[in-house]
Amino acid sequence: MAEIVLDKVTKLFPDGAAAVSEVDITIADGEFIVLVGPSGCGKSTLLRGVAGLEQATGEVAWDGEDVSRLPTHRRGFALMFQDGQLFDHLTVARNVGYALRLRRAGRAEERRRVEELLALVGLDGYADRLPRTLSGGERQRVALARSLAHQPRLLLLDEPLSALDAGLRRRLASDLRHILVRSGSTAVMVTHDHEEAFTVADRLAVMRDGLLVQEGPIDAVWRSPVDAGTALFLGYARVLR
């Protein structure tokens with residue numbers, strides 16, 4: 001089974017301060033890891049460094065191969081942003097099939113894959129709709145289907161639910177986990193919402209001030225926070241010293 005290994009991944013600001021400092025994480029095939037932490041802790045910067053959108057040092061390896069010096073489009077990863085970034089002039093089907101057309105997939109293959117993905121994300125019958133006719137949650141489902149179209153080695157999700165209202169965010173978080181488990185995807189998601197993280201993750205990686213302060217299965221991190229700051233962030237009401 002192929003795994004993703006981050007080894008001492010670091011991103012420095014121009015003044016030499018570390019936005020991300022020597023982060024080590026191993027992500028098993030088919031695993032869903034969530035990076036959590038307060039705003040400005042470095043989690044989105046780490047995600048962008050893994051994707052190749054930020055110049056970071058250290059190693060990002062897939063199945064033993066260092067891909068950290070490859071350009072973004074050759075890493076085999078997919079990145080889904082907060083707003084989905086759909087093409088509003090293209091139908092849902094054309095949005096979902098965009099990556100397949102870039103890879104010169106045949107029309108029959110594209111049609112089959114698009115139908116399969118729309119069914120997976122619960123949007124059967126939406127192929128001919130335009131994005132502007134969809135709700136926020138439906139747009140994010142289309143963006144997720146598009147991200148999965150070419151079966152990426154790793155799916156990177158940068159706060160994909162943050163623009164939605166709280167009730168819809170909770171419902172879609174549960175659906176998101178179900179979709180990714182069914183698709184067999186390996187994924188890393190960034191969020192500042194610990195409840196959202198508990199809903200979707202196999203493992204949590206807690207970041208603060210550019211450092212990875214704790215990482216492990218959800219129940220282990222929840223039962224035994226590494227320090228008071230982590231406990232309070234995860235939702236403990238108070239910490240007694």
# chains A, B, ... in the order shown; residues from 1 in each chain; ligands from 1
$ select_by_dssp --residues "segment 65-231 of chain A" --states "strand (DSSP E or B)" --output "ChimeraX atom specification"
/A:65-66,77-80,154-158,187-191,203-208,211-217
$ write_last_selection --atoms "N, CA and C atoms" --output "PDB file, in the first residue's frame"
ATOM      1  N   GLU A  65       8.873   7.694  -3.195  1.00  0.00           N
ATOM      2  CA  GLU A  65       9.422   8.611  -4.197  1.00  0.00           C
ATOM      3  C   GLU A  65       9.264  10.049  -3.715  1.00  0.00           C
ATOM      4  N   ASP A  66      10.375  10.796  -3.645  1.00  0.00           N
ATOM      5  CA  ASP A  66      10.324  12.196  -3.237  1.00  0.00           C
ATOM      6  C   ASP A  66       9.729  13.027  -4.372  1.00  0.00           C
ATOM      7  N   PHE A  77      -1.490  15.096  -6.923  1.00  0.00           N
ATOM      8  CA  PHE A  77      -2.356  15.488  -5.827  1.00  0.00           C
ATOM      9  C   PHE A  77      -3.459  16.391  -6.363  1.00  0.00           C
ATOM     10  N   ALA A  78      -4.557  16.497  -5.619  1.00  0.00           N
ATOM     11  CA  ALA A  78      -5.639  17.419  -5.965  1.00  0.00           C
ATOM     12  C   ALA A  78      -5.922  18.303  -4.767  1.00  0.00           C
ATOM     13  N   LEU A  79      -6.192  19.584  -5.031  1.00  0.00           N
ATOM     14  CA  LEU A  79      -6.437  20.555  -3.961  1.00  0.00           C
ATOM     15  C   LEU A  79      -7.807  21.174  -4.147  1.00  0.00           C
ATOM     16  N   MET A  80      -8.630  21.117  -3.100  1.00  0.00           N
ATOM     17  CA  MET A  80      -9.966  21.715  -3.118  1.00  0.00           C
ATOM     18  C   MET A  80      -9.978  22.881  -2.147  1.00  0.00           C
ATOM     19  N   LEU A 154      -3.440  11.895  -3.522  1.00  0.00           N
ATOM     20  CA  LEU A 154      -3.766  12.539  -2.248  1.00  0.00           C
ATOM     21  C   LEU A 154      -4.707  13.698  -2.530  1.00  0.00           C
ATOM     22  N   LEU A 155      -5.808  13.766  -1.778  1.00  0.00           N
ATOM     23  CA  LEU A 155      -6.743  14.880  -1.886  1.00  0.00           C
ATOM     24  C   LEU A 155      -6.498  15.829  -0.719  1.00  0.00           C
ATOM     25  N   LEU A 156      -6.256  17.097  -1.034  1.00  0.00           N
ATOM     26  CA  LEU A 156      -5.982  18.126  -0.040  1.00  0.00           C
ATOM     27  C   LEU A 156      -7.167  19.085   0.002  1.00  0.00           C
ATOM     28  N   LEU A 157      -7.774  19.249   1.164  1.00  0.00           N
ATOM     29  CA  LEU A 157      -8.982  20.065   1.307  1.00  0.00           C
ATOM     30  C   LEU A 157      -8.709  21.213   2.265  1.00  0.00           C
ATOM     31  N   ASP A 158      -8.750  22.446   1.744  1.00  0.00           N
ATOM     32  CA  ASP A 158      -8.437  23.627   2.548  1.00  0.00           C
ATOM     33  C   ASP A 158      -9.726  24.277   3.037  1.00  0.00           C
ATOM     34  N   ALA A 187      -6.744  11.424   2.119  1.00  0.00           N
ATOM     35  CA  ALA A 187      -7.062  12.851   2.171  1.00  0.00           C
ATOM     36  C   ALA A 187      -6.479  13.514   3.407  1.00  0.00           C
ATOM     37  N   VAL A 188      -6.150  14.804   3.235  1.00  0.00           N
ATOM     38  CA  VAL A 188      -5.761  15.678   4.349  1.00  0.00           C
ATOM     39  C   VAL A 188      -6.638  16.914   4.263  1.00  0.00           C
ATOM     40  N   MET A 189      -7.314  17.234   5.348  1.00  0.00           N
ATOM     41  CA  MET A 189      -8.185  18.405   5.383  1.00  0.00           C
ATOM     42  C   MET A 189      -7.734  19.369   6.462  1.00  0.00           C
ATOM     43  N   VAL A 190      -7.854  20.648   6.177  1.00  0.00           N
ATOM     44  CA  VAL A 190      -7.564  21.709   7.132  1.00  0.00           C
ATOM     45  C   VAL A 190      -8.870  22.281   7.654  1.00  0.00           C
ATOM     46  N   THR A 191      -8.969  22.469   8.963  1.00  0.00           N
ATOM     47  CA  THR A 191     -10.101  23.168   9.560  1.00  0.00           C
ATOM     48  C   THR A 191      -9.677  23.759  10.902  1.00  0.00           C
ATOM     49  N   ARG A 203      -7.598  10.430  11.882  1.00  0.00           N
ATOM     50  CA  ARG A 203      -6.569  10.911  12.802  1.00  0.00           C
ATOM     51  C   ARG A 203      -6.562  12.425  12.807  1.00  0.00           C
ATOM     52  N   LEU A 204      -6.166  12.993  13.952  1.00  0.00           N
ATOM     53  CA  LEU A 204      -6.007  14.431  14.092  1.00  0.00           C
ATOM     54  C   LEU A 204      -4.525  14.786  14.147  1.00  0.00           C
ATOM     55  N   ALA A 205      -4.196  15.932  13.536  1.00  0.00           N
ATOM     56  CA  ALA A 205      -2.867  16.510  13.684  1.00  0.00           C
ATOM     57  C   ALA A 205      -3.081  17.946  14.148  1.00  0.00           C
ATOM     58  N   VAL A 206      -2.705  18.235  15.387  1.00  0.00           N
ATOM     59  CA  VAL A 206      -2.964  19.545  15.989  1.00  0.00           C
ATOM     60  C   VAL A 206      -1.740  20.431  15.797  1.00  0.00           C
ATOM     61  N   MET A 207      -1.957  21.634  15.224  1.00  0.00           N
ATOM     62  CA  MET A 207      -0.865  22.566  14.986  1.00  0.00           C
ATOM     63  C   MET A 207      -1.042  23.832  15.813  1.00  0.00           C
ATOM     64  N   ARG A 208       0.101  24.416  16.202  1.00  0.00           N
ATOM     65  CA  ARG A 208       0.097  25.699  16.902  1.00  0.00           C
ATOM     66  C   ARG A 208       1.430  26.376  16.644  1.00  0.00           C
ATOM     67  N   LEU A 211       4.047  24.626  14.506  1.00  0.00           N
ATOM     68  CA  LEU A 211       4.552  23.336  14.966  1.00  0.00           C
ATOM     69  C   LEU A 211       3.430  22.303  15.012  1.00  0.00           C
ATOM     70  N   LEU A 212       3.775  21.059  14.755  1.00  0.00           N
ATOM     71  CA  LEU A 212       2.852  19.950  14.985  1.00  0.00           C
ATOM     72  C   LEU A 212       3.009  19.550  16.445  1.00  0.00           C
ATOM     73  N   VAL A 213       1.978  19.865  17.272  1.00  0.00           N
ATOM     74  CA  VAL A 213       2.120  19.646  18.709  1.00  0.00           C
ATOM     75  C   VAL A 213       1.595  18.286  19.156  1.00  0.00           C
ATOM     76  N   GLN A 214       0.661  17.698  18.394  1.00  0.00           N
ATOM     77  CA  GLN A 214       0.142  16.377  18.759  1.00  0.00           C
ATOM     78  C   GLN A 214      -0.506  15.748  17.533  1.00  0.00           C
ATOM     79  N   GLU A 215      -0.384  14.438  17.418  1.00  0.00           N
ATOM     80  CA  GLU A 215      -0.957  13.730  16.275  1.00  0.00           C
ATOM     81  C   GLU A 215      -1.333  12.326  16.697  1.00  0.00           C
ATOM     82  N   GLY A 216      -2.490  11.848  16.261  1.00  0.00           N
ATOM     83  CA  GLY A 216      -2.895  10.500  16.608  1.00  0.00           C
ATOM     84  C   GLY A 216      -4.368  10.271  16.339  1.00  0.00           C
ATOM     85  N   PRO A 217      -4.880   9.055  16.645  1.00  0.00           N
ATOM     86  CA  PRO A 217      -6.312   8.777  16.490  1.00  0.00           C
ATOM     87  C   PRO A 217      -7.143   9.751  17.316  1.00  0.00           C
TER      88      PRO A 217
END
$ select_by_dssp --residues "chain A" --states "alpha helix (DSSP H)" --output "VMD selection string"
chain A and resid 43 to 51 92 to 96 98 to 102 107 to 120 136 to 148 166 to 183 194 to 200 218 to 223 228 to 233
$ residues_around --residues "Asp7 of chain A" --least-positions-apart "3" --cutoff "8 Å" --atoms "only C-alpha atoms" --output "PDB file with C-alpha atoms, in the first residue's frame"
ATOM      1  CA  GLU A  22       9.827  20.584  10.599  1.00  0.00           C
ATOM      2  CA  VAL A  23       6.481  18.807  10.367  1.00  0.00           C
ATOM      3  CA  ASP A  24       6.625  14.989  10.183  1.00  0.00           C
ATOM      4  CA  ILE A  25       3.459  13.033   9.296  1.00  0.00           C
ATOM      5  CA  GLY A  58      11.929  19.017   3.625  1.00  0.00           C
ATOM      6  CA  GLU A  59      10.596  15.980   1.811  1.00  0.00           C
ATOM      7  CA  VAL A  60       7.150  14.978   0.574  1.00  0.00           C
TER       8      VAL A  60
END
$ residues_around --residues "segment 108-115 of chain A" --least-positions-apart "3" --cutoff "12 Å" --atoms "only C-alpha atoms" --output "tab-separated table (two decimals) with C-alpha atoms, in the first residue's frame"
chain	number	residue	atom	x	y	z
A	91	THR	CA	-22.27	22.88	-16.67
A	92	VAL	CA	-21.85	20.65	-13.66
A	93	ALA	CA	-20.81	17.76	-15.92
A	94	ARG	CA	-18.22	19.90	-17.73
A	95	ASN	CA	-16.83	21.13	-14.40
A	96	VAL	CA	-16.48	17.60	-13.04
A	97	GLY	CA	-14.91	16.32	-16.26
A	98	TYR	CA	-12.45	19.21	-16.64
A	99	ALA	CA	-9.39	17.34	-15.33
A	100	LEU	CA	-10.23	14.34	-17.50
A	101	ARG	CA	-10.30	16.51	-20.61
A	102	LEU	CA	-6.91	17.98	-19.68
A	103	ARG	CA	-5.60	14.40	-19.60
A	104	ARG	CA	-7.23	13.69	-22.97
A	105	ALA	CA	-9.62	11.04	-21.70
A	118	LEU	CA	-22.20	12.72	-9.48
A	119	ALA	CA	-23.89	9.62	-8.08
A	120	LEU	CA	-21.17	9.34	-5.43
A	121	VAL	CA	-21.69	12.93	-4.19
A	122	GLY	CA	-25.50	12.69	-4.35
A	123	LEU	CA	-26.04	14.88	-7.42
A	124	ASP	CA	-27.68	12.51	-9.89
A	125	GLY	CA	-29.59	14.52	-12.45
A	126	TYR	CA	-27.51	17.68	-12.00
A	127	ALA	CA	-25.20	17.19	-15.00
A	128	ASP	CA	-26.74	19.94	-17.15
A	142	VAL	CA	-19.49	19.48	-7.43
A	144	LEU	CA	-15.39	17.55	-4.51
A	145	ALA	CA	-16.46	15.41	-7.48
A	146	ARG	CA	-14.14	17.41	-9.75
A	147	SER	CA	-11.24	16.92	-7.31
A	148	LEU	CA	-11.79	13.15	-7.34
A	149	ALA	CA	-12.19	12.86	-11.13
A	150	HIS	CA	-8.64	11.81	-11.97
A	151	GLN	CA	-8.26	9.63	-8.85
$ atom_distance --atom1 "atom CA of Asp88 of chain A" --atom2 "atom CA of Pro131 of chain A"
5.5 Å
$ residues_around --residues "segment 71-75 of chain A" --least-positions-apart "6" --cutoff "7 Å" --atoms "only C-alpha atoms" --output "ChimeraX atom specification"
/A:51-53
$ atom_distance --atom1 "atom CA of Glu138 of chain A" --atom2 "atom CA of Arg153 of chain A"
24.4 Å
$ atom_distance --atom1 "atom CA of Ser224 of chain A" --atom2 "atom CA of Val5 of chain A"
24.7 Å
$ residues_around --residues "Arg170 of chain A" --least-positions-apart "2" --cutoff "12 Å" --atoms "only C-alpha atoms" --output "PyMOL selection string"
chain A and resi 137+161-162+164-168+172-177+193-200
$ write_last_selection --atoms "N, CA, C and O atoms" --output "PDB file, in the first residue's frame"
ATOM      1  N   GLY A 137     -23.934  24.207  -0.610  1.00  0.00           N
ATOM      2  CA  GLY A 137     -23.562  22.822  -0.354  1.00  0.00           C
ATOM      3  C   GLY A 137     -23.455  22.017  -1.632  1.00  0.00           C
ATOM      4  O   GLY A 137     -22.553  21.181  -1.779  1.00  0.00           O
ATOM      5  N   LEU A 161     -15.564  23.547   4.006  1.00  0.00           N
ATOM      6  CA  LEU A 161     -16.929  23.782   4.482  1.00  0.00           C
ATOM      7  C   LEU A 161     -17.084  25.123   5.196  1.00  0.00           C
ATOM      8  O   LEU A 161     -18.170  25.452   5.660  1.00  0.00           O
ATOM      9  N   SER A 162     -16.018  25.912   5.263  1.00  0.00           N
ATOM     10  CA  SER A 162     -16.028  27.095   6.127  1.00  0.00           C
ATOM     11  C   SER A 162     -16.984  28.191   5.652  1.00  0.00           C
ATOM     12  O   SER A 162     -17.428  29.015   6.451  1.00  0.00           O
ATOM     13  N   LEU A 164     -19.985  27.754   4.545  1.00  0.00           N
ATOM     14  CA  LEU A 164     -21.371  27.324   4.697  1.00  0.00           C
ATOM     15  C   LEU A 164     -21.888  27.672   6.091  1.00  0.00           C
ATOM     16  O   LEU A 164     -21.113  27.832   7.030  1.00  0.00           O
ATOM     17  N   ASP A 165     -23.213  27.752   6.233  1.00  0.00           N
ATOM     18  CA  ASP A 165     -23.762  28.015   7.560  1.00  0.00           C
ATOM     19  C   ASP A 165     -23.585  26.789   8.451  1.00  0.00           C
ATOM     20  O   ASP A 165     -23.342  25.684   7.971  1.00  0.00           O
ATOM     21  N   ALA A 166     -23.693  26.993   9.754  1.00  0.00           N
ATOM     22  CA  ALA A 166     -23.309  25.963  10.726  1.00  0.00           C
ATOM     23  C   ALA A 166     -24.081  24.657  10.540  1.00  0.00           C
ATOM     24  O   ALA A 166     -23.506  23.572  10.570  1.00  0.00           O
ATOM     25  N   GLY A 167     -25.406  24.747  10.331  1.00  0.00           N
ATOM     26  CA  GLY A 167     -26.202  23.525  10.182  1.00  0.00           C
ATOM     27  C   GLY A 167     -25.820  22.738   8.960  1.00  0.00           C
ATOM     28  O   GLY A 167     -25.658  21.509   9.008  1.00  0.00           O
ATOM     29  N   LEU A 168     -25.652  23.436   7.826  1.00  0.00           N
ATOM     30  CA  LEU A 168     -25.264  22.759   6.592  1.00  0.00           C
ATOM     31  C   LEU A 168     -23.856  22.204   6.706  1.00  0.00           C
ATOM     32  O   LEU A 168     -23.562  21.116   6.206  1.00  0.00           O
ATOM     33  N   LEU A 172     -22.914  18.362   5.928  1.00  0.00           N
ATOM     34  CA  LEU A 172     -22.018  18.067   4.822  1.00  0.00           C
ATOM     35  C   LEU A 172     -20.720  17.423   5.303  1.00  0.00           C
ATOM     36  O   LEU A 172     -20.108  16.627   4.579  1.00  0.00           O
ATOM     37  N   ALA A 173     -20.302  17.732   6.533  1.00  0.00           N
ATOM     38  CA  ALA A 173     -19.107  17.090   7.084  1.00  0.00           C
ATOM     39  C   ALA A 173     -19.300  15.580   7.167  1.00  0.00           C
ATOM     40  O   ALA A 173     -18.413  14.800   6.793  1.00  0.00           O
ATOM     41  N   SER A 174     -20.444  15.153   7.649  1.00  0.00           N
ATOM     42  CA  SER A 174     -20.741  13.724   7.722  1.00  0.00           C
ATOM     43  C   SER A 174     -20.786  13.100   6.336  1.00  0.00           C
ATOM     44  O   SER A 174     -20.248  12.015   6.106  1.00  0.00           O
ATOM     45  N   ASP A 175     -21.411  13.808   5.388  1.00  0.00           N
ATOM     46  CA  ASP A 175     -21.471  13.309   4.011  1.00  0.00           C
ATOM     47  C   ASP A 175     -20.077  13.232   3.395  1.00  0.00           C
ATOM     48  O   ASP A 175     -19.767  12.302   2.644  1.00  0.00           O
ATOM     49  N   LEU A 176     -19.241  14.219   3.702  1.00  0.00           N
ATOM     50  CA  LEU A 176     -17.890  14.255   3.150  1.00  0.00           C
ATOM     51  C   LEU A 176     -17.105  13.014   3.560  1.00  0.00           C
ATOM     52  O   LEU A 176     -16.444  12.378   2.731  1.00  0.00           O
ATOM     53  N   ARG A 177     -17.174  12.658   4.824  1.00  0.00           N
ATOM     54  CA  ARG A 177     -16.479  11.447   5.275  1.00  0.00           C
ATOM     55  C   ARG A 177     -17.005  10.216   4.543  1.00  0.00           C
ATOM     56  O   ARG A 177     -16.228   9.380   4.082  1.00  0.00           O
ATOM     57  N   ASP A 193     -12.229  24.136  13.072  1.00  0.00           N
ATOM     58  CA  ASP A 193     -13.400  23.700  13.824  1.00  0.00           C
ATOM     59  C   ASP A 193     -13.172  22.285  14.347  1.00  0.00           C
ATOM     60  O   ASP A 193     -13.190  21.318  13.586  1.00  0.00           O
ATOM     61  N   HIS A 194     -12.953  22.145  15.658  1.00  0.00           N
ATOM     62  CA  HIS A 194     -12.623  20.827  16.198  1.00  0.00           C
ATOM     63  C   HIS A 194     -13.794  19.860  16.089  1.00  0.00           C
ATOM     64  O   HIS A 194     -13.596  18.650  15.920  1.00  0.00           O
ATOM     65  N   GLU A 195     -15.042  20.339  16.166  1.00  0.00           N
ATOM     66  CA  GLU A 195     -16.194  19.445  16.033  1.00  0.00           C
ATOM     67  C   GLU A 195     -16.261  18.868  14.619  1.00  0.00           C
ATOM     68  O   GLU A 195     -16.567  17.691  14.422  1.00  0.00           O
ATOM     69  N   GLU A 196     -15.988  19.704  13.632  1.00  0.00           N
ATOM     70  CA  GLU A 196     -15.941  19.249  12.246  1.00  0.00           C
ATOM     71  C   GLU A 196     -14.840  18.197  12.076  1.00  0.00           C
ATOM     72  O   GLU A 196     -15.032  17.182  11.417  1.00  0.00           O
ATOM     73  N   ALA A 197     -13.709  18.437  12.696  1.00  0.00           N
ATOM     74  CA  ALA A 197     -12.597  17.486  12.619  1.00  0.00           C
ATOM     75  C   ALA A 197     -12.980  16.145  13.228  1.00  0.00           C
ATOM     76  O   ALA A 197     -12.680  15.085  12.662  1.00  0.00           O
ATOM     77  N   PHE A 198     -13.658  16.161  14.374  1.00  0.00           N
ATOM     78  CA  PHE A 198     -14.070  14.917  15.021  1.00  0.00           C
ATOM     79  C   PHE A 198     -15.039  14.135  14.136  1.00  0.00           C
ATOM     80  O   PHE A 198     -15.067  12.900  14.150  1.00  0.00           O
ATOM     81  N   THR A 199     -15.844  14.835  13.334  1.00  0.00           N
ATOM     82  CA  THR A 199     -16.836  14.186  12.482  1.00  0.00           C
ATOM     83  C   THR A 199     -16.187  13.428  11.330  1.00  0.00           C
ATOM     84  O   THR A 199     -16.635  12.337  10.969  1.00  0.00           O
ATOM     85  N   VAL A 200     -15.126  13.989  10.746  1.00  0.00           N
ATOM     86  CA  VAL A 200     -14.616  13.427   9.488  1.00  0.00           C
ATOM     87  C   VAL A 200     -13.326  12.618   9.622  1.00  0.00           C
ATOM     88  O   VAL A 200     -13.049  11.756   8.786  1.00  0.00           O
TER      89      VAL A 200
END
